[in-house]
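Q: I am sharing final-v9.csv, which consists of CSV, C-alpha atoms:
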```csv
chain,number,residue,atom,x,y,z
A,2,MET,CA,124.0,129.1,-87.3
A,3,HIS,CA,121.4,128.9,-84.6
A,4,VAL,CA,120.4,132.2,-83.0
A,5,GLU,CA,118.5,132.2,-79.7
A,6,PHE,CA,116.2,135.2,-79.5
A,7,PRO,CA,115.3,136.5,-76.0
A,8,ARG,CA,111.9,135.5,-74.7
A,9,PRO,CA,109.2,138.2,-74.8
A,10,PHE,CA,109.1,140.3,-71.5
A,11,ALA,CA,105.5,139.3,-70.9
A,12,GLU,CA,106.4,135.6,-70.9
A,13,VAL,CA,109.3,136.2,-68.5
A,14,ARG,CA,107.0,138.2,-66.2
A,15,LEU,CA,104.3,135.5,-66.3
A,16,ARG,CA,106.6,132.7,-65.4
A,17,SER,CA,108.2,134.8,-62.7
A,18,SER,CA,104.7,135.6,-61.2
A,19,TRP,CA,103.8,131.9,-61.2
A,20,PHE,CA,107.1,131.1,-59.4
A,21,LEU,CA,106.4,133.8,-56.8
A,22,LEU,CA,102.8,132.7,-56.3
A,23,ALA,CA,104.0,129.1,-55.8
A,24,ALA,CA,106.6,130.2,-53.3
A,25,PHE,CA,104.0,132.3,-51.4
A,26,LEU,CA,101.5,129.4,-51.1
A,27,LEU,CA,104.3,127.1,-49.9
A,28,SER,CA,105.2,129.6,-47.2
A,29,LEU,CA,101.7,129.5,-45.8
A,30,GLY,CA,102.2,125.9,-44.8
A,31,PRO,CA,99.6,123.0,-44.9
A,32,ALA,CA,97.1,124.6,-42.6
A,33,ALA,CA,96.0,127.3,-45.1
A,34,ALA,CA,95.6,124.7,-47.9
A,35,VAL,CA,93.6,122.4,-45.7
A,36,ALA,CA,91.4,125.2,-44.5
A,37,ALA,CA,90.6,126.2,-48.0
A,38,ALA,CA,89.7,122.6,-48.9
A,39,ASP,CA,87.4,121.6,-46.1
A,40,ALA,CA,86.1,124.8,-44.3
A,41,VAL,CA,82.4,125.1,-43.9
A,42,PRO,CA,81.0,128.6,-44.5
A,43,LEU,CA,79.7,130.3,-41.4
A,44,PRO,CA,77.7,133.4,-42.1
A,45,PRO,CA,77.1,136.0,-39.3
A,46,GLY,CA,74.0,135.3,-37.1
A,47,VAL,CA,73.6,131.7,-38.2
A,48,ILE,CA,73.7,129.0,-35.5
A,49,LEU,CA,75.4,125.7,-36.6
A,50,GLU,CA,74.7,122.6,-34.6
A,51,ARG,CA,77.5,120.0,-35.0
A,52,SER,CA,78.7,116.7,-33.5
A,53,LEU,CA,82.3,116.0,-32.8
A,54,GLY,CA,84.2,112.9,-31.8
A,55,ALA,CA,87.4,112.4,-29.7
A,56,ALA,CA,90.6,113.9,-31.2
A,57,ALA,CA,88.6,115.3,-34.1
A,58,SER,CA,88.4,118.8,-35.6
A,59,GLU,CA,86.3,120.9,-38.0
A,60,ARG,CA,87.0,124.2,-39.8
A,61,PHE,CA,84.7,127.0,-40.7
A,62,ALA,CA,85.3,129.9,-43.2
A,63,VAL,CA,84.2,133.4,-42.0
A,64,GLU,CA,84.4,136.6,-44.0
A,65,LEU,CA,85.5,139.4,-41.7
A,66,ASP,CA,85.4,143.2,-42.1
A,67,PRO,CA,88.3,145.0,-40.2
A,68,SER,CA,86.0,147.9,-39.3
A,69,LYS,CA,84.2,145.6,-36.8
A,70,ALA,CA,85.1,143.3,-33.9
A,71,TRP,CA,83.7,139.8,-34.2
A,72,ARG,CA,82.7,137.1,-31.7
A,73,VAL,CA,82.8,133.4,-32.2
A,74,ARG,CA,80.6,131.6,-29.6
A,75,VAL,CA,80.8,127.9,-29.1
A,76,GLU,CA,78.5,126.1,-26.6
A,77,GLN,CA,79.8,122.7,-25.6
A,78,GLU,CA,77.5,119.7,-24.8
A,79,GLY,CA,79.5,116.7,-23.8
A,80,ILE,CA,82.7,117.5,-25.6
A,81,ASP,CA,85.6,119.7,-24.5
A,82,VAL,CA,86.8,121.8,-27.4
A,83,VAL,CA,89.6,124.3,-28.2
A,84,VAL,CA,88.6,127.2,-30.6
A,85,ALA,CA,91.2,128.8,-32.8
A,86,ALA,CA,91.2,131.6,-35.4
A,87,VAL,CA,93.5,131.8,-38.4
A,88,ASP,CA,93.9,134.8,-40.7
A,89,PRO,CA,93.8,134.8,-44.5
A,90,LEU,CA,97.6,134.2,-44.6
A,91,GLY,CA,97.4,131.1,-42.4
A,92,ARG,CA,98.7,132.8,-39.3
A,93,GLU,CA,97.1,132.0,-36.0
A,94,VAL,CA,95.3,135.0,-34.5
A,95,LEU,CA,94.0,133.6,-31.2
A,96,GLU,CA,93.3,130.3,-29.5
A,97,VAL,CA,91.0,129.8,-26.5
A,98,ASP,CA,90.1,127.0,-24.1
A,99,GLY,CA,88.1,127.7,-20.9
A,100,PRO,CA,88.2,125.7,-17.7
A,101,THR,CA,84.7,124.2,-17.8
A,102,GLY,CA,85.5,121.0,-19.6
A,103,ARG,CA,82.8,119.3,-21.6
A,104,GLU,CA,80.2,122.0,-20.9
A,105,GLY,CA,80.0,125.7,-20.8
A,106,VAL,CA,81.0,128.3,-23.4
A,107,GLU,CA,84.1,129.1,-25.4
A,108,SER,CA,84.1,132.7,-26.6
A,109,LEU,CA,86.7,134.1,-29.0
A,110,VAL,CA,86.8,137.8,-30.1
A,111,ILE,CA,88.6,138.6,-33.4
A,112,GLU,CA,89.6,142.1,-34.3
A,113,PRO,CA,90.8,141.5,-37.9
A,114,ALA,CA,93.7,143.5,-39.2
A,115,THR,CA,92.6,143.0,-42.8
A,116,ARG,CA,89.5,142.1,-44.8
A,117,GLY,CA,89.3,138.5,-46.0
A,118,SER,CA,88.4,134.9,-45.3
A,119,TYR,CA,89.4,133.8,-41.9
A,120,THR,CA,89.3,130.2,-40.6
A,121,VAL,CA,87.8,129.1,-37.3
A,122,GLU,CA,88.9,125.7,-36.1
A,123,VAL,CA,87.0,123.7,-33.4
A,124,ARG,CA,88.8,120.7,-32.2
A,125,SER,CA,88.7,118.0,-29.5
A,126,GLU,CA,92.2,117.2,-28.3
A,127,LYS,CA,91.4,114.3,-25.9
A,128,LYS,CA,91.5,110.7,-27.0
A,129,GLY,CA,89.2,108.0,-25.8
A,130,VAL,CA,86.4,110.3,-24.7
A,131,ALA,CA,82.7,110.1,-25.8
A,132,ALA,CA,81.5,112.1,-28.8
A,133,GLY,CA,79.5,115.2,-28.1
A,134,ARG,CA,77.8,118.1,-29.7
A,135,TYR,CA,78.4,121.9,-29.9
A,136,THR,CA,76.7,124.9,-31.4
A,137,LEU,CA,78.7,127.6,-33.2
A,138,ARG,CA,77.7,131.2,-34.0
A,139,LEU,CA,79.5,134.3,-35.5
A,140,ASP,CA,78.4,137.8,-34.6
A,141,ALA,CA,79.6,141.3,-35.4
A,142,LEU,CA,80.0,143.4,-32.2
A,143,SER,CA,78.7,146.9,-32.4
A,144,GLU,CA,80.5,149.9,-30.8
A,145,THR,CA,77.7,152.5,-31.5
A,146,THR,CA,76.4,153.1,-28.0
A,147,ALA,CA,78.0,153.2,-24.5
A,148,GLU,CA,76.2,149.9,-23.8
A,149,ASP,CA,77.6,148.4,-27.0
A,150,ARG,CA,81.1,149.4,-25.9
A,151,GLN,CA,80.6,147.9,-22.5
A,152,ARG,CA,79.4,144.7,-24.0
A,153,LEU,CA,82.4,144.6,-26.3
A,154,ARG,CA,84.7,145.1,-23.3
A,155,THR,CA,83.0,142.2,-21.6
A,156,GLU,CA,83.3,139.9,-24.6
A,157,LYS,CA,87.0,140.7,-24.9
A,158,ALA,CA,87.5,140.0,-21.2
A,159,LEU,CA,86.0,136.5,-21.6
A,160,SER,CA,88.0,135.9,-24.8
A,161,GLU,CA,91.2,136.9,-23.0
A,162,ALA,CA,90.3,134.6,-20.0
A,163,GLY,CA,90.0,131.7,-22.5
A,164,ARG,CA,93.4,132.6,-24.1
A,165,LEU,CA,95.2,132.8,-20.7
A,166,ASN,CA,93.7,129.5,-19.6
A,167,ARG,CA,94.8,127.9,-22.8
A,168,VAL,CA,98.4,129.0,-22.6
A,169,GLY,CA,98.7,128.4,-18.9
A,170,GLU,CA,101.7,130.7,-18.6
A,171,ASP,CA,103.0,132.0,-15.3
A,172,GLY,CA,100.4,134.2,-13.8
A,173,GLY,CA,98.1,133.5,-16.7
A,174,ARG,CA,95.4,131.8,-14.7
A,175,GLU,CA,95.4,134.5,-12.1
A,176,GLN,CA,94.8,137.0,-14.9
A,177,ALA,CA,92.1,134.8,-16.3
A,178,ARG,CA,90.3,134.8,-12.9
A,179,ALA,CA,90.6,138.6,-12.9
A,180,ALA,CA,89.1,138.8,-16.4
A,181,LEU,CA,86.3,136.5,-15.5
A,182,ALA,CA,85.5,138.5,-12.3
A,183,GLU,CA,85.4,141.7,-14.4
A,184,ALA,CA,83.0,140.0,-16.9
A,185,ILE,CA,80.7,138.8,-14.2
A,186,GLY,CA,80.3,142.4,-12.9
A,187,LEU,CA,79.8,143.8,-16.4
A,188,TRP,CA,77.2,141.2,-17.3
A,189,HIS,CA,75.4,141.9,-14.0
A,190,GLU,CA,75.4,145.7,-14.9
A,191,LEU,CA,74.0,144.9,-18.3
A,192,GLY,CA,71.2,142.8,-16.9
A,193,GLU,CA,72.4,139.6,-18.7
A,194,PRO,CA,71.8,136.8,-16.1
A,195,ARG,CA,72.4,134.0,-18.6
A,196,ARG,CA,75.8,135.4,-19.5
A,197,GLU,CA,76.6,136.1,-15.9
A,198,ALA,CA,75.8,132.5,-15.0
A,199,GLU,CA,78.2,131.3,-17.7
A,200,ALA,CA,81.0,133.5,-16.4
A,201,LEU,CA,80.3,132.4,-12.8
A,202,LEU,CA,80.7,128.7,-13.8
A,203,ALA,CA,84.0,129.5,-15.6
A,204,LEU,CA,85.3,131.5,-12.6
A,205,GLY,CA,84.3,128.7,-10.2
A,206,ALA,CA,86.2,126.2,-12.3
A,207,GLN,CA,89.3,128.5,-12.4
A,208,LEU,CA,89.2,128.9,-8.6
A,209,GLU,CA,88.8,125.1,-8.1
A,210,VAL,CA,91.8,124.4,-10.3
A,211,SER,CA,93.8,126.9,-8.3
A,212,GLY,CA,92.9,125.1,-5.1
A,213,ASN,CA,90.5,127.7,-3.8
A,214,THR,CA,87.5,125.3,-3.6
A,215,GLU,CA,85.6,127.3,-0.9
A,216,ALA,CA,85.5,130.3,-3.3
A,217,ALA,CA,84.6,128.0,-6.2
A,218,VAL,CA,81.6,126.6,-4.3
A,219,GLU,CA,80.3,130.2,-3.7
A,220,ARG,CA,80.5,131.0,-7.4
A,221,TYR,CA,78.8,127.7,-8.3
A,222,GLU,CA,76.0,128.4,-5.8
A,223,GLN,CA,75.5,131.8,-7.4
A,224,ALA,CA,75.3,130.2,-10.9
A,225,VAL,CA,72.8,127.6,-9.6
A,226,ALA,CA,70.5,130.4,-8.3
A,227,LEU,CA,70.7,132.2,-11.7
A,228,ARG,CA,70.0,129.0,-13.7
A,229,ARG,CA,67.0,128.3,-11.5
A,230,GLN,CA,65.7,131.8,-12.0
A,231,LEU,CA,66.1,131.4,-15.8
A,232,GLY,CA,64.5,127.9,-15.9
A,233,ASP,CA,67.5,126.6,-17.8
A,234,ARG,CA,67.5,123.0,-16.7
A,235,GLY,CA,70.1,121.7,-19.0
A,236,ALA,CA,72.7,124.2,-17.9
A,237,LEU,CA,71.5,123.8,-14.3
A,238,ALA,CA,72.5,120.1,-14.4
A,239,GLY,CA,76.1,121.0,-15.3
A,240,VAL,CA,76.5,123.6,-12.6
A,241,LEU,CA,74.9,121.3,-10.0
A,242,GLU,CA,77.5,118.6,-10.9
A,243,ALA,CA,80.3,121.0,-10.5
A,244,LEU,CA,78.9,122.2,-7.2
A,245,GLY,CA,78.4,118.6,-5.9
A,246,ALA,CA,82.0,117.6,-6.9
A,247,ALA,CA,83.5,120.7,-5.2
A,248,ARG,CA,81.5,120.1,-2.0
A,249,LEU,CA,82.9,116.5,-2.1
A,250,LYS,CA,86.4,117.9,-2.2
A,251,LEU,CA,85.6,119.9,0.9
A,252,GLY,CA,84.3,116.7,2.7
A,253,ARG,CA,80.7,118.0,2.6
A,254,LEU,CA,79.3,114.6,1.6
A,255,ALA,CA,75.7,115.2,2.4
A,256,ASP,CA,75.6,118.6,0.6
A,257,GLY,CA,77.5,117.1,-2.3
A,258,ARG,CA,75.0,114.3,-2.6
A,259,VAL,CA,72.0,116.6,-2.7
A,260,ALA,CA,73.5,118.6,-5.6
A,261,LEU,CA,74.6,115.4,-7.5
A,262,ASP,CA,71.2,113.6,-7.0
A,263,GLU,CA,69.4,116.6,-8.6
A,264,ALA,CA,72.0,116.8,-11.4
A,265,LEU,CA,71.6,113.1,-12.1
A,266,THR,CA,67.8,113.4,-12.2
A,267,LEU,CA,68.2,116.1,-14.8
A,268,ARG,CA,70.8,114.2,-16.8
A,269,ARG,CA,68.6,111.1,-17.0
A,270,GLU,CA,65.7,113.2,-18.2
A,271,LEU,CA,67.6,115.5,-20.6
A,272,GLY,CA,70.7,113.6,-21.6
A,273,PRO,CA,73.1,113.0,-23.2
A,274,ALA,CA,74.1,109.7,-21.8
A,275,SER,CA,77.8,110.6,-21.8
A,276,LEU,CA,77.1,113.4,-19.3
A,277,GLU,CA,74.8,111.2,-17.3
A,278,ALA,CA,77.7,108.8,-17.0
A,279,THR,CA,80.1,111.5,-15.6
A,280,THR,CA,77.5,112.8,-13.2
A,281,ARG,CA,76.8,109.2,-11.9
A,282,ASN,CA,80.5,108.6,-11.4
A,283,GLN,CA,80.7,111.7,-9.2
A,284,LEU,CA,77.7,110.5,-7.2
A,285,CYS,CA,79.4,107.1,-6.8
A,286,LEU,CA,82.5,108.8,-5.4
A,287,VAL,CA,80.3,110.4,-2.7
A,288,LEU,CA,78.9,107.0,-1.8
A,289,GLN,CA,82.4,105.5,-1.7
A,290,ARG,CA,83.7,108.3,0.4
A,291,ALA,CA,80.8,107.8,2.9
A,292,GLY,CA,81.7,104.1,3.3
A,293,SER,CA,78.5,102.9,1.5
A,294,TRP,CA,80.6,100.4,-0.5
A,295,THR,CA,77.8,98.1,-1.7
A,296,GLU,CA,75.7,101.0,-2.9
A,297,ALA,CA,78.8,102.6,-4.4
A,298,ALA,CA,79.8,99.4,-6.3
A,299,SER,CA,76.3,99.1,-7.8
A,300,CYS,CA,76.4,102.8,-8.8
A,301,TYR,CA,79.8,102.3,-10.5
A,302,GLN,CA,78.5,99.3,-12.4
A,303,GLN,CA,75.7,101.5,-13.8
A,304,ALA,CA,78.3,104.3,-14.7
A,305,LEU,CA,80.5,101.6,-16.4
A,306,THR,CA,77.6,100.5,-18.5
A,307,LEU,CA,76.9,104.0,-19.6
A,308,ALA,CA,80.6,104.7,-20.3
A,309,LYS,CA,80.8,101.6,-22.5
A,310,SER,CA,77.6,102.5,-24.4
A,311,THR,CA,78.9,106.0,-25.3
A,312,GLY,CA,82.5,104.9,-26.1
A,313,ASP,CA,84.0,106.9,-23.3
A,314,VAL,CA,87.1,104.8,-22.8
A,315,ALA,CA,88.7,107.4,-20.5
A,316,LEU,CA,85.7,107.3,-18.1
A,317,GLU,CA,85.7,103.5,-18.3
A,318,ALA,CA,89.2,103.5,-16.9
A,319,ARG,CA,88.4,105.8,-14.1
A,320,VAL,CA,85.3,103.8,-13.1
A,321,LEU,CA,87.2,100.5,-13.1
A,322,ASN,CA,89.9,102.1,-11.0
A,323,ASN,CA,87.3,103.2,-8.5
A,324,LEU,CA,85.8,99.7,-8.4
A,325,GLY,CA,89.3,98.4,-7.6
A,326,GLY,CA,89.4,100.9,-4.7
A,327,ILE,CA,86.1,99.5,-3.3
A,328,ASP,CA,87.4,96.0,-3.6
A,329,SER,CA,90.5,97.0,-1.7
A,330,ASN,CA,88.4,98.6,1.0
A,331,ARG,CA,86.4,95.4,1.3
A,332,GLY,CA,89.5,93.3,1.7
A,333,GLU,CA,89.2,91.6,-1.7
A,334,PRO,CA,92.7,92.0,-3.3
A,335,THR,CA,92.1,89.6,-6.2
A,336,ALA,CA,89.0,91.5,-7.4
A,337,ALA,CA,90.8,94.8,-6.9
A,338,LEU,CA,93.8,93.6,-9.0
A,339,GLU,CA,91.4,92.5,-11.8
A,340,HIS,CA,89.7,95.9,-11.8
A,341,PHE,CA,93.1,97.8,-11.7
A,342,GLU,CA,94.5,95.7,-14.6
A,343,ALA,CA,91.3,96.3,-16.6
A,344,ALA,CA,91.6,100.1,-16.0
A,345,LEU,CA,95.2,100.0,-17.3
A,346,GLU,CA,94.2,98.2,-20.4
A,347,ARG,CA,91.8,101.0,-21.4
```
For this file, produce the structure as structure tokens.

A:
Amino acid sequence: MHVEFPRPFAEVRLRSSWFLLAAFLLSLGPAAAVAAADAVPLPPGVILERSLGAAASERFAVELDPSKAWRVRVEQEGIDVVVAAVDPLGREVLEVDGPTGREGVESLVIEPATRGSYTVEVRSEKKGVAAGRYTLRLDALSETTAEDRQRLRTEKALSEAGRLNRVGEDGGREQARAALAEAIGLWHELGEPRREAEALLALGAQLEVSGNTEAAVERYEQAVALRRQLGDRGALAGVLEALGAARLKLGRLADGRVALDEALTLRRELGPASLEATTRNQLCLVLQRAGSWTEAASCYQQALTLAKSTGDVALEARVLNNLGGIDSNRGEPTAALEHFEAALER
């Protein structure tokens, strides 16, 4: 007779534990597993310089202590990114995306509920755009002094503005503008002109998106003055481009051209070529709007060459479409059709 003895309790418990662990890991979903496999360590206070292509992403592992608030700061150069934080269990904590496009700063504040390894993801969601670069830094935010607490409040306002802009919910952008206006005042009180200029650019972009271009121009002009004061020529180029484009929307062609001419001079000197291409395209629009079609067509051809050299298919399509518009203005329907069809093929 065969007698089956019960398994030892330790073996049953071990197998049960493995089953529970497997079930738990599966519940986290693929994001947690991917983050563990390819996340790059990001220690506090270390600046990482990275390159990123269209529709690409990178993940970074950060060890966070719940007794502190933490800021992730991403400076964009020629690439528009979304920044997200995921907790140790694979749950999204926060996701931000400001309104400044391929330049400016994304700022994300994490107040961790638990100690552990969090994941920060930086991703480009647009296809067909030129590759760009960004810098990434993690810092603990102190709350020791009154000034520290004011600084933390300002950082949280910027992070909230980025979150609200990202979700785009009803009233969200209005709240984002209020948060940015608060941050501008706080940075001014703290004597931080560089951070004040960053917030002014973001608020100008928010106002422009909402249709309040006059107010946007005022914020851009304030940011230009601060960038000149700081001698920050790279950031100045970006603000000048935004200012020139906004003036163009208002029909202020001469003023728009002044800002864009200076921006283009800086872009040609400092690079990158992808940003030079977008600035040149804006300048071409001014020439086209002014009726200088021959000069505008030549300008667009230069922008098209730059767009092709940087792999910016999206910009290629816009430039080709604009060339078609010039052909149409000149009464050249065949050439216009060729340019429009080429734009659609991109």

Q: Distance CA of Ala147 in chain A-CA of Ser68 in chain A, one decimal place?

A: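 Answer for the CA of Ala147 in chain A to CA of Ser68 in chain A separation: 17.6 Å.
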
Q: Go through A:Leu159, A:Ala255, A:Ala86, A:Leu276 one by one, measure the shortest atom-to-atom distance of each to Arg134 in chain A using only C-alpha atoms, and give the residue with the smallest value.

A: A:Leu276

Q: Find the residues around Glu183 in chain A up to 12 Å (only C-alpha atoms counted), leave out those fewer than 2 positions away in its own chain, and share them as a ChimeraX atom specification.

A: /A:151-152,154-159,161-162,176-181,185-190,197,200-201,204

Q: Please provide as JSON, numbers by chain all residues within 9 Å of range 280-297 of chain A, with the sequence filter that same-chain residues fewer than 4 positions apart are discarded (counting all atoms listed in the file).

A: {"A": [238, 239, 242, 245, 246, 249, 252, 254, 255, 257, 258, 261, 262, 264, 265, 268, 275, 276, 301, 302, 303, 304, 305, 316, 319, 320, 323, 324, 326, 327, 328, 330, 331]}

Q: Quick one: pull the distance between CA of Gly133 in chain A and CA of Ile80 in chain A, Å, one decimal.

A: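 Interatomic distance, CA of Gly133 in chain A to CA of Ile80 in chain A: 4.7 Å.
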
Q: Taking into account only C-alpha atoms, which residue in the set A:Gly312, A:Pro42, A:Gly232, A:Gly102 is nearest to Gln207 in chain A?

A: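 Ranking A:Gly312, A:Pro42, A:Gly232, A:Gly102 by distance to Gln207 in chain A, first place goes to A:Gly102.
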
Q: Of the candidates A:Glu64, A:Glu59, A:Asp81, A:Asp140, which shows the shortest atom-to-atom distance to Arg116 in chain A, using all atoms listed in the file?

A: A:Glu64

Q: Mind pulling up the distance from CA of Ala182 in chain A to CA of Ser143 in chain A?

A: 22.8 Å

Q: Which protein, DNA or RNA residues are at most 9 Å from (84.7, 124.5, -22.8) in the file's coordinates when you count all atoms listed in the file, listed as a list in words?

A: Val75, Glu76, Gln77, Glu78, Ile80, Asp81, Val82, Val83, Asp98, Gly99, Pro100, Thr101, Gly102, Arg103, Glu104, Gly105, Val106, Glu107, Gly163 and Ala203 of chain A

Q: At a cut-off of 8 Å, using only C-alpha atoms, what residues contact Phe61 in chain A? Leave out same-chain residues fewer than 2 positions from it and give the result as a PyMOL selection string.

A: chain A and resi 36+40-43+59+63+120-122

Q: In terms of the shortest atom-to-atom distance over only C-alpha atoms, which of A:Ser310, A:Ser52, A:Asn166, A:Gln230 is closest to Ala206 in chain A?

A: A:Asn166

Q: Can you pull out every residue within 6 Å of Ser125 in chain A, counting only C-alpha atoms, but drop anything in the same chain fewer than 4 positions away, and send it as number ranges by chain?

A: A: 55-57, 82

Q: Tell me which of A:Glu277, A:Gly46, A:Leu165, A:Val225 sits closest to Ala260 in chain A, counting all atoms listed in the file.

A: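 Of A:Glu277, A:Gly46, A:Leu165, A:Val225, the one nearest Ala260 in chain A, counting all atoms listed in the file, is A:Val225.
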
Q: I need the residue nearest Val130 in chain A from this list: A:Gly169, A:Pro67, A:Pro334, A:Gly54. Use all atoms listed in the file for the distance.

A: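 Closest to Val130 in chain A, using all atoms listed in the file: A:Gly54.
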
Q: Model the absent atoms of range 272-295 of chain A so that N, CA and C atoms are present, and write the result as a PDB file, keeping the file's coordinate frame.

A:
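Full text of selection_34.pdb as output:
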```pdb
ATOM      1  N   GLY A 272      69.533 114.074 -20.902  1.00  0.00           N
ATOM      2  CA  GLY A 272      70.700 113.600 -21.600  1.00  0.00           C
ATOM      3  C   GLY A 272      71.765 114.619 -21.747  1.00  0.00           C
ATOM      4  N   PRO A 273      72.805 114.314 -22.533  1.00  0.00           N
ATOM      5  CA  PRO A 273      73.100 113.000 -23.200  1.00  0.00           C
ATOM      6  C   PRO A 273      73.600 111.990 -22.227  1.00  0.00           C
ATOM      7  N   ALA A 274      73.659 110.755 -22.693  1.00  0.00           N
ATOM      8  CA  ALA A 274      74.100 109.700 -21.800  1.00  0.00           C
ATOM      9  C   ALA A 274      75.541 109.825 -21.374  1.00  0.00           C
ATOM     10  N   SER A 275      76.375 110.461 -22.201  1.00  0.00           N
ATOM     11  CA  SER A 275      77.800 110.600 -21.800  1.00  0.00           C
ATOM     12  C   SER A 275      77.902 111.532 -20.582  1.00  0.00           C
ATOM     13  N   LEU A 276      77.068 112.577 -20.499  1.00  0.00           N
ATOM     14  CA  LEU A 276      77.100 113.400 -19.300  1.00  0.00           C
ATOM     15  C   LEU A 276      76.432 112.779 -18.124  1.00  0.00           C
ATOM     16  N   GLU A 277      75.414 111.965 -18.379  1.00  0.00           N
ATOM     17  CA  GLU A 277      74.800 111.200 -17.300  1.00  0.00           C
ATOM     18  C   GLU A 277      75.852 110.284 -16.650  1.00  0.00           C
ATOM     19  N   ALA A 278      76.711 109.701 -17.481  1.00  0.00           N
ATOM     20  CA  ALA A 278      77.700 108.800 -17.000  1.00  0.00           C
ATOM     21  C   ALA A 278      78.718 109.523 -16.053  1.00  0.00           C
ATOM     22  N   THR A 279      79.151 110.722 -16.443  1.00  0.00           N
ATOM     23  CA  THR A 279      80.100 111.500 -15.600  1.00  0.00           C
ATOM     24  C   THR A 279      79.467 111.914 -14.300  1.00  0.00           C
ATOM     25  N   THR A 280      78.198 112.336 -14.373  1.00  0.00           N
ATOM     26  CA  THR A 280      77.500 112.800 -13.200  1.00  0.00           C
ATOM     27  C   THR A 280      77.322 111.570 -12.211  1.00  0.00           C
ATOM     28  N   ARG A 281      76.948 110.427 -12.776  1.00  0.00           N
ATOM     29  CA  ARG A 281      76.800 109.200 -11.900  1.00  0.00           C
ATOM     30  C   ARG A 281      78.096 108.837 -11.288  1.00  0.00           C
ATOM     31  N   ASN A 282      79.191 108.942 -12.015  1.00  0.00           N
ATOM     32  CA  ASN A 282      80.500 108.600 -11.400  1.00  0.00           C
ATOM     33  C   ASN A 282      80.812 109.509 -10.248  1.00  0.00           C
ATOM     34  N   GLN A 283      80.466 110.794 -10.349  1.00  0.00           N
ATOM     35  CA  GLN A 283      80.700 111.700  -9.200  1.00  0.00           C
ATOM     36  C   GLN A 283      79.839 111.302  -8.012  1.00  0.00           C
ATOM     37  N   LEU A 284      78.595 110.906  -8.270  1.00  0.00           N
ATOM     38  CA  LEU A 284      77.700 110.500  -7.200  1.00  0.00           C
ATOM     39  C   LEU A 284      78.268 109.196  -6.531  1.00  0.00           C
ATOM     40  N   CYS A 285      78.795 108.302  -7.345  1.00  0.00           N
ATOM     41  CA  CYS A 285      79.400 107.100  -6.800  1.00  0.00           C
ATOM     42  C   CYS A 285      80.558 107.389  -5.876  1.00  0.00           C
ATOM     43  N   LEU A 286      81.338 108.414  -6.230  1.00  0.00           N
ATOM     44  CA  LEU A 286      82.500 108.800  -5.400  1.00  0.00           C
ATOM     45  C   LEU A 286      81.984 109.272  -4.003  1.00  0.00           C
ATOM     46  N   VAL A 287      80.850 109.982  -3.967  1.00  0.00           N
ATOM     47  CA  VAL A 287      80.300 110.400  -2.700  1.00  0.00           C
ATOM     48  C   VAL A 287      79.927 109.179  -1.845  1.00  0.00           C
ATOM     49  N   LEU A 288      79.271 108.206  -2.479  1.00  0.00           N
ATOM     50  CA  LEU A 288      78.900 107.000  -1.800  1.00  0.00           C
ATOM     51  C   LEU A 288      80.099 106.231  -1.263  1.00  0.00           C
ATOM     52  N   GLN A 289      81.128 106.164  -2.100  1.00  0.00           N
ATOM     53  CA  GLN A 289      82.400 105.500  -1.700  1.00  0.00           C
ATOM     54  C   GLN A 289      83.023 106.183  -0.531  1.00  0.00           C
ATOM     55  N   ARG A 290      83.098 107.520  -0.625  1.00  0.00           N
ATOM     56  CA  ARG A 290      83.700 108.300   0.400  1.00  0.00           C
ATOM     57  C   ARG A 290      82.965 108.161   1.756  1.00  0.00           C
ATOM     58  N   ALA A 291      81.649 107.966   1.653  1.00  0.00           N
ATOM     59  CA  ALA A 291      80.800 107.800   2.900  1.00  0.00           C
ATOM     60  C   ALA A 291      80.895 106.411   3.443  1.00  0.00           C
ATOM     61  N   GLY A 292      81.584 105.493   2.755  1.00  0.00           N
ATOM     62  CA  GLY A 292      81.700 104.100   3.300  1.00  0.00           C
ATOM     63  C   GLY A 292      80.561 103.221   2.865  1.00  0.00           C
ATOM     64  N   SER A 293      79.676 103.698   1.968  1.00  0.00           N
ATOM     65  CA  SER A 293      78.500 102.900   1.500  1.00  0.00           C
ATOM     66  C   SER A 293      79.037 102.054   0.297  1.00  0.00           C
ATOM     67  N   TRP A 294      79.888 101.059   0.563  1.00  0.00           N
ATOM     68  CA  TRP A 294      80.600 100.400  -0.500  1.00  0.00           C
ATOM     69  C   TRP A 294      79.699  99.558  -1.408  1.00  0.00           C
ATOM     70  N   THR A 295      78.725  98.881  -0.855  1.00  0.00           N
ATOM     71  CA  THR A 295      77.800  98.100  -1.700  1.00  0.00           C
ATOM     72  C   THR A 295      77.031  98.968  -2.632  1.00  0.00           C
TER      73      THR A 295
END
```
